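Here the structure comes first, spelled out in structure tokens, and everything after it is commentary.
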Amino acid sequence: MPTKERDAGERERCVTGIDAIDHILNGGIPRGNTVLISGSVGTGKTSMCIEFLIRGALEGENSLYLSVTEPTDKLLMNVIPFDFFDDKLAKQGKLQFVDLPKIYQELGIDKEEIDFEQARLLADTIAGMVENQKIRRLVLDSVTSVCYRIKDQERIRDFLLRLGTVLSAKGCTSLLVSEIRSSEEGYSHWGVEEALADGVIVTGNLERRGDLLRTLQIVKMRGTTHSRAKYVLDLTTSGVLLVPLLKGGSVTGGG
Amino acid sequence: MSVSGEVAEKLSTLREASAVALRLKTVQYFDAIQGMLDRFAMKKNLEVVYVTTTIPAQSILSALEVLEVPMDHIWLVDCISQIMMSQAKQHPHAIIVESPTMLENIMLKVEFLLRKHPDRSALVVLDSINSLAIHNNTKILSEFLHILVNNLRARGAYTVIFSMLEYETEDIRNMLVLVSDETIELGD
């Protein structure tokens, strides 16, 4: 079930369908939260987000993927062939992929830098899509690319605040992909994104004695208690799998 | 009684979800595998996940072929071919873990294979604790065994951990005591 009723006082959950993450979050992401999925290249951010959408769509929740960095045709060619994916989801409109550059074009955003009004227009347009199509799960991949065009910190803050507020009010649980370099401190390029997000999930690479492990850690999630431990992640055709990171060995380097 | 018969008989007396240390001599190795896979697992209708850190999956597959053990419900997690840089042929029932030091990835592959067959009871074989101990220190190996075995126990799966008597150390014996419900030692 995508929605889990909780005891009085607890927030409704958006069950991600990724068992280990739901387990870590004691039932799923609090409904309406905006969550930053932060990590360097090749750490599984996009695969995890797509699984989140497919699992939601399979449970009847309209799900939308906004692609900024690469055309969705190319993205879908390279995505893991999940066992649980069903072609019907796209045909029924339960699972939609939209290229954000097309929206830029429709809105007349043709200059390299997005100004204050255009940023507001973009946030309102995305909010409108969510409302009109009754979207319950949204992925923006990546918020970093959008912010690169907005450039100014104040404008980025306004854009994210506006978007997050509207999505939350509509009960849409959103994942915003944040691309960071492995050497980068913090969880987002501009610093604003992590401050405004309700949750931060960090994916990374951990080097241990020459082995490179993919890791995942939930650093912050408003509205629920959760483990903050680091897990090792595998991207499989059955979806994202996690196991605890073993601590007995000598660990060098961050991740 | 033959080694394979002895292994099958002793494993058959165990209750589900048992974790067993199977202590054997090197010369008993292939007979023990046959008893476990061909006689015990077949009879119990178990899905088998065989984690090899000792010899490449290809060698086990060849041995199983010679022994005429059906492969339909046997899956191998090969943790040694990659590190040996051997030109392993891909087999639909074998998946690779880069190195026996990637213990978390071993757990993940076991989880992946068990998820593929949720309706069947399972037997997970760790071959062997001795070779895992070559590549990992005692602390991390104990932690790995503790998490893996408890996870499998919770799923109701059998776990069999091979320990070759010739290569046992005090540390290995302590680890086996820590995680196993039973110890099976084969006769001469």
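We name chains A, B, ... following the order of the structure tokens; residues begin at 1 in each chain, and ligands are numbered from 1 as shown.
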#### Entry: Neighbour list for A:Arg157 as a VMD selection string, cut-off 9 Å, only C-alpha atoms, skip fewer than 4 positions in-chain
chain A and resid 152 to 153 161 to 162 192 to 193 196
Just to be explicit: take each residue in the selection above, keep N, CA and C atoms, and write the result as a short mmCIF file (atom, residue, chain, number, x, y, z; two decimals), in the first residue's frame.
data_model
loop_
_atom_site.label_atom_id
_atom_site.label_comp_id
_atom_site.auth_asym_id
_atom_site.auth_seq_id
_atom_site.Cartn_x
_atom_site.Cartn_y
_atom_site.Cartn_z
N ASP A 152 21.40 32.96 -8.78
CA ASP A 152 21.42 33.78 -7.57
C ASP A 152 20.80 33.03 -6.38
N GLN A 153 21.48 33.08 -5.25
CA GLN A 153 21.04 32.32 -4.06
C GLN A 153 19.63 32.72 -3.60
N LEU A 161 11.47 27.34 -2.14
CA LEU A 161 10.46 27.55 -1.10
C LEU A 161 9.06 27.51 -1.71
N ARG A 162 8.92 28.19 -2.82
CA ARG A 162 7.62 28.25 -3.50
C ARG A 162 7.21 26.86 -3.97
N VAL A 192 21.59 26.08 -0.29
CA VAL A 192 20.20 26.47 0.00
C VAL A 192 19.30 25.24 -0.02
N GLU A 193 19.58 24.33 -0.97
CA GLU A 193 18.68 23.19 -1.20
C GLU A 193 18.52 22.34 0.06
N LEU A 196 16.37 23.94 2.87
CA LEU A 196 14.93 24.03 2.65
C LEU A 196 14.25 22.67 2.58
#
#### Entry: Distance-based interface of chain A with chain B, 9 Å, counting only C-alpha atoms, as a PyMOL selection string
chain A and resi 208-209+211-213+232-234+236-238+241-250
The selected residues should be written to file as an mmCIF file, in the first residue's frame (atoms: C-alpha atoms).
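File written: selection20.cif
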data_model
loop_
_atom_site.group_PDB
_atom_site.id
_atom_site.type_symbol
_atom_site.label_atom_id
_atom_site.label_comp_id
_atom_site.auth_asym_id
_atom_site.auth_seq_id
_atom_site.Cartn_x
_atom_site.Cartn_y
_atom_site.Cartn_z
ATOM 1 C CA ARG A 208 37.662 0.418 1.948
ATOM 2 C CA ARG A 209 40.933 -1.351 1.365
ATOM 3 C CA ASP A 211 37.039 -1.842 -2.661
ATOM 4 C CA LEU A 212 34.507 0.751 -3.719
ATOM 5 C CA LEU A 213 31.142 0.372 -2.026
ATOM 6 C CA VAL A 232 25.659 -0.373 1.544
ATOM 7 C CA LEU A 233 23.508 -0.252 -1.548
ATOM 8 C CA ASP A 234 23.080 -2.476 -4.580
ATOM 9 C CA THR A 236 19.436 -4.747 -8.940
ATOM 10 C CA THR A 237 16.619 -5.720 -11.241
ATOM 11 C CA SER A 238 14.592 -6.349 -8.067
ATOM 12 C CA LEU A 241 18.723 -3.297 -1.856
ATOM 13 C CA LEU A 242 20.485 -2.180 1.313
ATOM 14 C CA VAL A 243 22.445 -3.881 4.067
ATOM 15 C CA PRO A 244 24.178 -2.287 7.043
ATOM 16 C CA LEU A 245 27.742 -1.121 6.500
ATOM 17 C CA LEU A 246 30.011 -3.401 8.492
ATOM 18 C CA LYS A 247 32.118 -1.511 10.983
ATOM 19 C CA GLY A 248 34.630 -4.105 12.031
ATOM 20 C CA GLY A 249 37.198 -3.373 9.360
ATOM 21 C CA SER A 250 39.492 -0.436 8.996
#
### B:Ser131 environment, 10 Å, only C-alpha atoms, sequence neighbours closer than 6 positions dropped, as an NGL selection string
:B and (52-55 or 80 or 100 or 162-164 or 167)
For the residues selected in the previous step, produce a file with N, CA and C atoms as a CSV table (one decimal), in the first residue's frame.
chain,number,residue,atom,x,y,z
B,52,THR,N,30.6,-19.1,-3.0
B,52,THR,CA,31.9,-19.7,-3.0
B,52,THR,C,33.0,-18.6,-2.9
B,53,THR,N,33.8,-18.7,-1.9
B,53,THR,CA,35.0,-17.9,-1.7
B,53,THR,C,36.3,-18.7,-1.8
B,54,THR,N,36.1,-20.0,-2.1
B,54,THR,CA,37.2,-20.9,-2.1
B,54,THR,C,37.7,-21.2,-3.5
B,55,ILE,N,36.8,-21.7,-4.4
B,55,ILE,CA,37.2,-22.0,-5.7
B,55,ILE,C,36.1,-21.4,-6.7
B,80,ILE,N,35.4,-15.1,-6.0
B,80,ILE,CA,36.8,-15.4,-6.1
B,80,ILE,C,37.3,-15.3,-7.5
B,100,PRO,N,36.2,-11.3,-2.1
B,100,PRO,CA,35.7,-11.8,-0.8
B,100,PRO,C,35.8,-10.8,0.4
B,162,PHE,N,30.8,-23.9,5.8
B,162,PHE,CA,31.9,-24.9,5.6
B,162,PHE,C,33.1,-24.5,6.4
B,163,SER,N,33.7,-25.4,7.1
B,163,SER,CA,35.0,-25.1,7.7
B,163,SER,C,35.9,-26.3,7.5
B,164,MET,N,37.0,-26.1,6.8
B,164,MET,CA,38.0,-27.2,6.5
B,164,MET,C,38.9,-27.4,7.7
B,167,TYR,N,42.5,-26.2,8.1
B,167,TYR,CA,42.8,-24.8,8.1
B,167,TYR,C,42.1,-24.0,9.2
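The nearest approach to A:Phe159 among the residues A:Ser188, A:Thr125, A:Thr203, A:Ser67, with only C-alpha atoms taken into account, belongs to A:Thr125.
Reported to one decimal place, the separation of atom CA of A:Val15 from atom CA of A:Thr69 is 27.0 Å.
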### Message
What's around B:Arg173 at 10 Å? Count only C-alpha atoms, leave out sequence neighbours fewer than 6 positions away in its own chain, and write the answer as a list in words.
### Response
Ala21, Arg23, Ile129, Ser163 and Leu165 of chain B
### Task
Can you list, as a PyMOL selection string, all residues belonging to chain B that DSSP tags as helix (DSSP H, G or I)?
chain B and resi 3-12+26-44+57-66+103-116+129-135+138-155+165-167+170-179
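Atom CA of B:Glu68 sits 25.2 Å away from atom CA of B:Val20.
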### Message
List as a list in words the protein and nucleic acid residues near A:Phe52, meaning an atom at most 10 Å away when only C-alpha atoms are counted, but skip any in the same chain fewer than 2 places from it.
### Response
Cys14, Val15, Thr16, Gly17, Ile18, Thr46, Ser47, Met48, Cys49, Ile50, Ile54, Arg55, Gly56, Ala57, Ser63, Arg137, Leu138, Val139, Ser174, Leu175, Gly239 and Val240 of chain A
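One distance worth recording is that between atom CA of A:Thr144 and atom CA of A:Ile201, which is 15.1 Å.
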### Message
So that I can check the surroundings of stretch 181-187 of chain B, please list as number ranges by chain every protein, DNA and RNA residue that reaches within 10 Å of it, counting only C-alpha atoms and ignoring chain neighbours fewer than 3 positions away.
### Response
B: 1-4, 6-7, 10-11, 14, 17-25, 28, 32, 159-163, 165, 176-178
Would you save the residues of that selection, restricted to N, CA and C atoms, as a CSV table (one decimal), in the first residue's frame?
chain,number,residue,atom,x,y,z
B,1,MET,N,29.0,-45.6,6.2
B,1,MET,CA,28.1,-44.7,5.4
B,1,MET,C,29.0,-43.7,4.6
B,2,SER,N,28.6,-43.4,3.3
B,2,SER,CA,29.3,-42.5,2.5
B,2,SER,C,29.3,-41.1,3.1
B,3,VAL,N,30.2,-40.3,2.7
B,3,VAL,CA,30.2,-38.9,3.2
B,3,VAL,C,29.0,-38.2,2.7
B,4,SER,N,28.6,-38.3,1.5
B,4,SER,CA,27.4,-37.6,1.0
B,4,SER,C,26.1,-38.1,1.8
B,6,GLU,N,26.1,-39.3,4.8
B,6,GLU,CA,26.2,-38.8,6.2
B,6,GLU,C,25.8,-37.4,6.3
B,7,VAL,N,26.3,-36.5,5.3
B,7,VAL,CA,25.9,-35.1,5.3
B,7,VAL,C,24.4,-35.0,5.2
B,10,LYS,N,22.5,-36.1,8.4
B,10,LYS,CA,22.7,-35.2,9.6
B,10,LYS,C,22.0,-33.9,9.3
B,11,LEU,N,22.0,-33.4,8.1
B,11,LEU,CA,21.3,-32.1,7.8
B,11,LEU,C,19.8,-32.3,8.0
B,14,LEU,N,17.9,-31.6,11.2
B,14,LEU,CA,17.9,-30.2,11.7
B,14,LEU,C,16.5,-29.6,11.5
B,17,ALA,N,15.5,-23.1,9.6
B,17,ALA,CA,16.2,-21.9,10.1
B,17,ALA,C,17.4,-22.2,10.9
B,18,SER,N,17.9,-23.4,10.8
B,18,SER,CA,19.1,-23.7,11.6
B,18,SER,C,20.4,-23.2,10.9
B,19,ALA,N,21.3,-22.8,11.7
B,19,ALA,CA,22.6,-22.4,11.2
B,19,ALA,C,23.6,-23.5,11.6
B,20,VAL,N,24.3,-24.0,10.7
B,20,VAL,CA,25.1,-25.2,10.9
B,20,VAL,C,26.6,-25.0,10.5
B,21,ALA,N,27.5,-25.3,11.4
B,21,ALA,CA,28.9,-25.4,11.0
B,21,ALA,C,29.2,-26.8,10.5
B,22,LEU,N,29.6,-26.9,9.3
B,22,LEU,CA,30.0,-28.2,8.8
B,22,LEU,C,31.5,-28.3,8.7
B,23,ARG,N,32.1,-29.1,9.6
B,23,ARG,CA,33.5,-29.2,9.7
B,23,ARG,C,33.9,-30.5,9.0
B,24,LEU,N,34.8,-30.3,8.0
B,24,LEU,CA,35.1,-31.5,7.2
B,24,LEU,C,36.6,-31.4,6.7
B,25,LYS,N,37.1,-32.5,6.2
B,25,LYS,CA,38.4,-32.6,5.7
B,25,LYS,C,38.4,-32.3,4.2
B,28,GLN,N,37.0,-34.7,1.8
B,28,GLN,CA,35.5,-35.0,1.9
B,28,GLN,C,34.7,-33.9,1.1
B,32,ALA,N,30.7,-34.0,0.2
B,32,ALA,CA,29.9,-33.2,1.1
B,32,ALA,C,28.9,-32.3,0.3
B,159,THR,N,21.3,-22.3,7.0
B,159,THR,CA,22.6,-21.8,6.7
B,159,THR,C,23.6,-22.9,7.0
B,160,VAL,N,24.5,-23.2,6.0
B,160,VAL,CA,25.5,-24.1,6.3
B,160,VAL,C,26.9,-23.4,6.0
B,161,ILE,N,27.7,-23.4,7.0
B,161,ILE,CA,29.0,-22.8,6.9
B,161,ILE,C,30.1,-23.9,6.9
B,162,PHE,N,30.8,-23.9,5.8
B,162,PHE,CA,31.9,-24.9,5.6
B,162,PHE,C,33.1,-24.5,6.4
B,163,SER,N,33.7,-25.4,7.1
B,163,SER,CA,35.0,-25.1,7.7
B,163,SER,C,35.9,-26.3,7.5
B,165,LEU,N,38.8,-28.6,8.2
B,165,LEU,CA,39.5,-28.9,9.5
B,165,LEU,C,41.0,-28.6,9.4
B,176,LEU,N,32.5,-19.8,14.7
B,176,LEU,CA,31.5,-20.8,14.4
B,176,LEU,C,30.6,-21.0,15.6
B,177,VAL,N,31.2,-21.0,16.8
B,177,VAL,CA,30.4,-21.2,18.1
B,177,VAL,C,29.4,-20.1,18.2
B,178,LEU,N,29.9,-18.9,17.9
B,178,LEU,CA,29.1,-17.7,18.1
B,178,LEU,C,27.8,-17.7,17.2
### All strand (DSSP E) residues (DSSP, backbone) inside chain B, as a ChimeraX atom specification
/B:19-24,47-52,74-78,94-96,122-127,158-164,182-185
Once you have the residues from the selection above, write them out as a CSV table (one decimal), in the first residue's frame, restricted to C-alpha atoms.
chain,number,residue,atom,x,y,z
B,19,ALA,CA,22.6,-22.4,11.2
B,20,VAL,CA,25.1,-25.2,10.9
B,21,ALA,CA,28.9,-25.4,11.0
B,22,LEU,CA,30.0,-28.2,8.8
B,23,ARG,CA,33.5,-29.2,9.7
B,24,LEU,CA,35.1,-31.5,7.2
B,47,GLU,CA,16.3,-23.1,-3.3
B,48,VAL,CA,20.1,-23.1,-2.8
B,49,VAL,CA,22.3,-20.0,-2.7
B,50,TYR,CA,25.9,-21.3,-2.8
B,51,VAL,CA,28.5,-18.6,-1.9
B,52,THR,CA,31.9,-19.7,-3.0
B,74,ILE,CA,21.1,-23.8,-7.4
B,75,TRP,CA,22.5,-20.3,-7.6
B,76,LEU,CA,26.1,-19.4,-7.1
B,77,VAL,CA,27.6,-16.2,-5.7
B,78,ASP,CA,31.2,-16.3,-7.0
B,94,ALA,CA,26.2,-17.6,-11.2
B,95,ILE,CA,26.7,-14.0,-10.1
B,96,ILE,CA,30.0,-12.3,-9.3
B,122,ALA,CA,16.1,-21.8,1.1
B,123,LEU,CA,19.5,-23.2,1.9
B,124,VAL,CA,22.5,-20.8,2.0
B,125,VAL,CA,25.9,-22.3,1.9
B,126,LEU,CA,29.0,-20.4,2.8
B,127,ASP,CA,32.1,-22.1,1.3
B,158,TYR,CA,19.0,-23.0,6.5
B,159,THR,CA,22.6,-21.8,6.7
B,160,VAL,CA,25.5,-24.1,6.3
B,161,ILE,CA,29.0,-22.8,6.9
B,162,PHE,CA,31.9,-24.9,5.6
B,163,SER,CA,35.0,-25.1,7.7
B,164,MET,CA,38.0,-27.2,6.5
B,182,GLU,CA,24.7,-27.0,15.5
B,183,THR,CA,28.1,-28.3,14.5
B,184,ILE,CA,28.4,-31.3,12.2
B,185,GLU,CA,31.7,-33.0,12.1
### Task
Mind checking which residues fall within 12 Å of stretch 89-91 of chain A, counting only C-alpha atoms, ignoring those fewer than 2 positions away in the same chain, and posting them as a PyMOL selection string?
chain A and resi 53-65+76+84-87+93-98
Export of the given selection (C-alpha atoms) as a CSV table (one decimal), in the first residue's frame:
chain,number,residue,atom,x,y,z
A,53,LEU,CA,8.0,6.5,-9.0
A,54,ILE,CA,7.4,3.0,-10.5
A,55,ARG,CA,6.5,1.6,-7.1
A,56,GLY,CA,4.1,4.5,-6.6
A,57,ALA,CA,2.5,4.1,-10.0
A,58,LEU,CA,2.0,0.4,-9.4
A,59,GLU,CA,0.0,1.3,-6.3
A,60,GLY,CA,-2.1,3.7,-8.3
A,61,GLU,CA,-0.3,7.0,-7.4
A,62,ASN,CA,0.3,9.3,-10.4
A,63,SER,CA,4.0,9.8,-10.7
A,64,LEU,CA,6.0,12.4,-12.6
A,65,TYR,CA,9.7,12.5,-13.5
A,76,LEU,CA,15.0,5.1,-20.2
A,84,PHE,CA,8.4,-5.0,-11.5
A,85,PHE,CA,8.2,-2.4,-14.3
A,86,ASP,CA,5.0,-2.5,-16.3
A,87,ASP,CA,4.7,-0.8,-19.7
A,93,GLY,CA,-0.5,8.0,-17.6
A,94,LYS,CA,0.3,6.8,-14.1
A,95,LEU,CA,4.0,7.2,-14.8
A,96,GLN,CA,5.1,10.2,-16.8
A,97,PHE,CA,8.4,11.4,-18.0
A,98,VAL,CA,8.8,15.0,-19.1
